[in-house]
$ cat run_8.csv   # CSV, C-alpha atoms
chain,number,residue,atom,x,y,z
A,1,MET,CA,-217.6,-34.2,168.1
A,2,TRP,CA,-216.2,-33.4,164.6
A,3,TRP,CA,-213.6,-36.3,164.8
A,4,CYS,CA,-216.2,-38.9,165.6
A,5,GLU,CA,-219.1,-38.0,163.5
A,6,ARG,CA,-219.7,-40.1,160.4
A,7,GLU,CA,-221.1,-38.9,157.2
A,8,VAL,CA,-224.9,-39.4,157.2
A,9,ILE,CA,-226.1,-41.2,154.0
A,10,ALA,CA,-229.4,-40.0,152.7
A,11,ARG,CA,-232.0,-42.4,153.9
A,12,PRO,CA,-235.6,-42.1,154.7
A,13,ALA,CA,-236.2,-40.4,158.0
A,14,ALA,CA,-237.6,-43.6,159.6
A,15,ALA,CA,-234.5,-45.7,158.7
A,16,ARG,CA,-232.0,-43.1,160.0
A,17,ARG,CA,-230.2,-43.9,163.2
A,18,PRO,CA,-227.7,-41.7,164.9
A,19,PRO,CA,-224.1,-42.9,164.4
A,20,PRO,CA,-222.6,-44.7,167.3
A,21,ARG,CA,-220.3,-42.5,169.4
A,22,ARG,CA,-217.3,-44.8,170.1
A,23,CYS,CA,-214.6,-42.2,169.8
A,24,PRO,CA,-215.2,-40.3,173.1
A,25,ARG,CA,-214.9,-43.7,174.9
A,26,TRP,CA,-211.6,-44.5,173.2
A,27,GLY,CA,-210.4,-41.0,173.8
A,28,ALA,CA,-211.2,-41.2,177.5
A,29,ALA,CA,-209.4,-44.5,177.7
A,30,ALA,CA,-206.3,-43.2,176.0
A,31,LEU,CA,-206.4,-40.1,178.2
A,32,ALA,CA,-206.6,-42.2,181.3
A,33,ALA,CA,-203.7,-44.4,180.1
A,34,VAL,CA,-201.5,-41.3,179.5
A,35,LEU,CA,-202.3,-39.8,182.8
A,36,LEU,CA,-201.6,-43.0,184.7
A,37,ALA,CA,-198.3,-43.5,182.9
A,38,GLY,CA,-197.4,-39.9,183.6
A,39,CYS,CA,-198.0,-40.1,187.4
A,40,GLY,CA,-195.7,-43.2,187.7
A,41,PHE,CA,-198.4,-45.8,188.0
A,42,HIS,CA,-197.3,-49.4,187.2
A,43,LEU,CA,-198.6,-52.8,187.9
A,44,ARG,CA,-197.2,-54.7,190.9
A,45,GLY,CA,-194.2,-56.7,190.0
A,46,SER,CA,-193.5,-54.8,186.7
A,47,ASP,CA,-190.9,-52.5,188.3
A,48,PRO,CA,-187.4,-54.0,188.3
A,49,SER,CA,-186.7,-52.6,191.7
A,50,GLU,CA,-189.4,-54.8,193.1
A,51,ARG,CA,-187.5,-58.0,192.1
A,52,LEU,CA,-186.0,-60.2,194.8
A,53,ALA,CA,-182.3,-60.5,194.0
A,54,VAL,CA,-181.5,-63.4,196.3
A,55,THR,CA,-179.9,-66.6,195.1
A,56,GLY,CA,-180.0,-69.9,197.0
A,57,LEU,CA,-183.3,-69.1,198.8
A,58,TYR,CA,-185.1,-71.8,200.7
A,59,ALA,CA,-188.6,-71.7,202.3
A,60,GLU,CA,-188.7,-73.8,205.4
A,61,GLU,CA,-192.2,-74.9,206.4
A,62,GLY,CA,-192.0,-75.5,210.1
A,63,SER,CA,-195.5,-75.8,211.6
A,64,VAL,CA,-197.5,-74.1,208.8
A,65,SER,CA,-199.8,-75.6,206.3
A,66,GLY,CA,-198.5,-77.0,203.0
A,67,LEU,CA,-200.8,-74.5,201.1
A,68,LEU,CA,-199.0,-71.6,202.7
A,69,ALA,CA,-195.5,-73.0,202.0
A,70,SER,CA,-196.3,-73.8,198.4
A,71,ALA,CA,-197.9,-70.3,197.9
A,72,LEU,CA,-194.8,-68.7,199.3
A,73,ARG,CA,-192.5,-70.7,197.0
A,74,ARG,CA,-194.5,-69.8,194.0
A,75,GLY,CA,-194.5,-66.1,195.0
A,76,LEU,CA,-190.8,-66.1,195.6
A,77,VAL,CA,-190.1,-67.6,192.2
A,78,ALA,CA,-192.5,-65.1,190.6
A,79,ALA,CA,-190.6,-62.3,192.4
A,80,GLY,CA,-187.3,-63.4,190.8
A,81,ALA,CA,-185.7,-65.4,193.6
A,82,GLN,CA,-183.6,-68.4,192.7
A,83,MET,CA,-184.7,-71.2,194.9
A,84,ALA,CA,-182.4,-73.8,196.4
A,85,LYS,CA,-183.4,-77.5,196.1
A,86,ASP,CA,-182.9,-78.2,199.8
A,87,ARG,CA,-181.8,-76.6,203.1
A,88,ALA,CA,-178.2,-77.8,202.7
A,89,ALA,CA,-177.8,-75.9,199.4
A,90,ALA,CA,-179.4,-72.7,200.7
A,91,ARG,CA,-177.7,-69.4,201.4
A,92,VAL,CA,-180.8,-67.7,202.8
A,93,ILE,CA,-183.6,-69.5,204.6
A,94,VAL,CA,-187.1,-68.1,205.2
A,95,GLN,CA,-188.4,-69.9,208.2
A,96,LEU,CA,-192.2,-69.9,208.5
A,97,LEU,CA,-192.6,-70.1,212.3
A,98,GLY,CA,-196.4,-70.4,212.5
A,99,GLU,CA,-199.8,-69.3,211.2
A,100,SER,CA,-203.2,-69.0,212.8
A,101,GLN,CA,-206.7,-68.4,211.6
A,102,THR,CA,-209.4,-67.3,214.1
A,103,LYS,CA,-213.0,-66.4,213.8
A,104,SER,CA,-214.7,-64.4,216.6
A,105,VAL,CA,-218.0,-62.7,217.0
A,106,LEU,CA,-217.9,-59.0,216.0
A,107,ALA,CA,-221.5,-57.9,216.3
A,108,VAL,CA,-224.7,-59.4,217.8
A,109,GLY,CA,-228.2,-58.2,216.7
A,110,ASN,CA,-231.1,-57.3,219.0
A,111,THR,CA,-232.4,-60.8,218.9
A,112,GLY,CA,-229.1,-62.2,220.2
A,113,ARG,CA,-228.0,-63.7,216.9
A,114,VAL,CA,-224.6,-63.2,215.4
A,115,GLU,CA,-224.6,-60.6,212.6
A,116,ASP,CA,-220.9,-60.1,211.9
A,117,TYR,CA,-217.7,-62.2,212.4
A,118,GLU,CA,-214.1,-61.0,212.6
A,119,LEU,CA,-211.6,-63.1,210.8
A,120,ARG,CA,-208.0,-62.9,211.8
A,121,TYR,CA,-205.0,-64.4,210.0
A,122,THR,CA,-201.5,-64.2,211.4
A,123,LEU,CA,-198.2,-65.4,209.9
A,124,ASN,CA,-194.9,-65.4,211.8
A,125,PHE,CA,-191.6,-65.7,209.9
A,126,GLN,CA,-187.9,-64.9,210.1
A,127,VAL,CA,-185.0,-65.1,207.8
A,128,VAL,CA,-181.7,-66.7,208.6
A,129,ASP,CA,-178.5,-67.5,206.7
A,130,ALA,CA,-177.0,-71.0,206.2
A,131,GLN,CA,-175.1,-70.8,209.5
A,132,GLY,CA,-178.3,-69.8,211.4
A,133,LYS,CA,-177.5,-66.2,211.9
A,134,VAL,CA,-180.7,-64.1,211.9
A,135,LEU,CA,-180.8,-61.8,208.9
A,136,LEU,CA,-184.4,-60.6,209.5
A,137,LYS,CA,-185.7,-60.9,213.1
A,138,PRO,CA,-189.0,-62.7,213.7
A,139,GLN,CA,-191.9,-60.7,212.2
A,140,GLN,CA,-195.6,-61.0,212.2
A,141,VAL,CA,-198.0,-60.4,209.3
A,142,ALA,CA,-201.5,-59.8,210.8
A,143,LEU,CA,-204.6,-59.4,208.6
A,144,LEU,CA,-208.2,-58.7,209.7
A,145,ARG,CA,-211.4,-58.9,207.8
A,146,ALA,CA,-215.1,-58.4,208.8
A,147,LEU,CA,-217.7,-60.9,207.5
A,148,THR,CA,-221.4,-60.4,207.7
A,149,PHE,CA,-223.4,-63.5,208.7
A,150,ASN,CA,-226.8,-64.6,207.6
A,151,PRO,CA,-228.2,-67.6,209.5
A,152,THR,CA,-230.3,-68.7,206.5
A,153,ASP,CA,-227.2,-69.2,204.3
A,154,VAL,CA,-225.0,-71.2,206.7
A,155,LEU,CA,-223.4,-73.4,204.0
A,156,ALA,CA,-222.7,-70.5,201.7
A,157,LYS,CA,-221.2,-68.5,204.5
A,158,GLY,CA,-219.0,-71.4,205.5
A,159,ASN,CA,-217.6,-71.5,202.0
A,160,GLU,CA,-217.2,-67.7,202.1
A,161,VAL,CA,-215.1,-68.0,205.3
A,162,ASN,CA,-212.8,-70.5,203.6
A,163,ASN,CA,-212.5,-68.2,200.5
A,164,VAL,CA,-211.7,-65.2,202.7
A,165,PHE,CA,-209.0,-67.1,204.6
A,166,ARG,CA,-207.5,-68.2,201.3
A,167,GLY,CA,-207.4,-64.6,200.1
A,168,MET,CA,-205.9,-63.5,203.4
A,169,ARG,CA,-203.2,-66.2,203.0
A,170,THR,CA,-202.4,-64.8,199.5
A,171,ASP,CA,-202.2,-61.3,200.9
A,172,ALA,CA,-199.9,-62.5,203.7
A,173,VAL,CA,-197.6,-64.1,201.2
A,174,SER,CA,-197.5,-60.9,199.2
A,175,GLN,CA,-196.6,-58.9,202.3
A,176,VAL,CA,-193.8,-61.4,203.2
A,177,ILE,CA,-192.3,-61.0,199.7
A,178,ARG,CA,-192.5,-57.2,199.9
A,179,ARG,CA,-190.7,-57.3,203.2
A,180,LEU,CA,-188.0,-59.5,201.7
A,181,VAL,CA,-187.6,-57.2,198.7
A,182,SER,CA,-187.1,-54.2,201.0
A,183,ALA,CA,-184.7,-56.2,203.3
A,184,PHE,CA,-182.6,-57.5,200.5
A,185,PRO,CA,-182.4,-54.7,197.8
A,186,GLN,CA,-180.7,-55.3,194.5
$ encode --input "run_8.csv" --output "structure tokens"
Amino acid sequence: MWWCEREVIARPAAARRPPPRRCPRWGAAALAAVLLAGCGFHLRGSDPSERLAVTGLYAEEGSVSGLLASALRRGLVAAGAQMAKDRAAARVIVQLLGESQTKSVLAVGNTGRVEDYELRYTLNFQVVDAQGKVLLKPQQVALLRALTFNPTDVLAKGNEVNNVFRGMRTDAVSQVIRRLVSAFPQ
């Protein structure tokens, strides 16, 4: 390409190397950025309409793990919610009603050994106001993943199951926040 070629300095034929072609890569990256910006693409959380405009929000744990409750609080703050220090000061309360993690056999091989597991993660929540009036009826976020199993890597697969459940918890928190943003528009 004429805009990327460099002037070739007279050198012996053995010492000449073709000039590196970096410009087409930069051009392709710039073109991709322009096309993505033109179609309305934006990173999650960068759109002001995706902000949670609720003040005095409180996340009540209930019978869920502390990891889920703290992840939800962090996510709510990142989404723009102003958190209340305790339930008495809250105007809107997100009640985490329960969560469950299950692992069941998905596929068995011809030798009778497990080849795949199905991992399920469910989270139940509702939103009430300070007087206990239901603002958002009880809802369930259900996630499902398939996991291949290799009996020679039992320890590694055990760690992988924990990592997959951690990722599913993060996805569930994101879904709860998106539902809150749609339920309480700015």
$ residues_around --input "run_8.csv" --residues "segment 125-132 of chain A" --least-positions-apart "4" --cutoff "12 Å" --atoms "all atoms listed in the file" --output "number ranges by chain"
A: 54-64, 68-69, 72, 84, 86-99, 136-142, 172-173, 175-177, 179-180, 183-184
$ closest_residue --input "run_8.csv" --among "A:Ser104, A:Thr170, A:Asn124, A:Gln186" --to "Leu147 of chain A" --atoms "all atoms listed in the file"
A:Ser104
$ closest_residue --input "run_8.csv" --among "A:Val181, A:Ala29, A:Leu123, A:Val77" --to "Arg51 of chain A" --atoms "only C-alpha atoms"
A:Val181
$ residues_around --input "run_8.csv" --residues "Leu119 of chain A" --least-positions-apart "6" --cutoff "10 Å" --atoms "only C-alpha atoms" --output "ChimeraX atom specification"
/A:101-106,143-147,161,164-165,168
$ closest_residue --input "run_8.csv" --among "A:Gly167, A:Leu52, A:Arg178, A:Leu76" --to "Arg120 of chain A" --atoms "all atoms listed in the file"
A:Gly167
$ atom_distance --input "run_8.csv" --atom1 "atom CA of Ala81 of chain A" --atom2 "atom CA of Arg166 of chain A"
23.3 Å
$ atom_distance --input "run_8.csv" --atom1 "atom CA of Ser174 of chain A" --atom2 "atom CA of Gly75 of chain A"
7.3 Å
$ closest_residue --input "run_8.csv" --among "A:Ala53, A:Ala156, A:Leu67, A:Val134" --to "Met83 of chain A" --atoms "all atoms listed in the file"
A:Ala53
$ atom_distance --input "run_8.csv" --atom1 "atom CA of Thr148 of chain A" --atom2 "atom CA of Glu118 of chain A"
8.8 Å
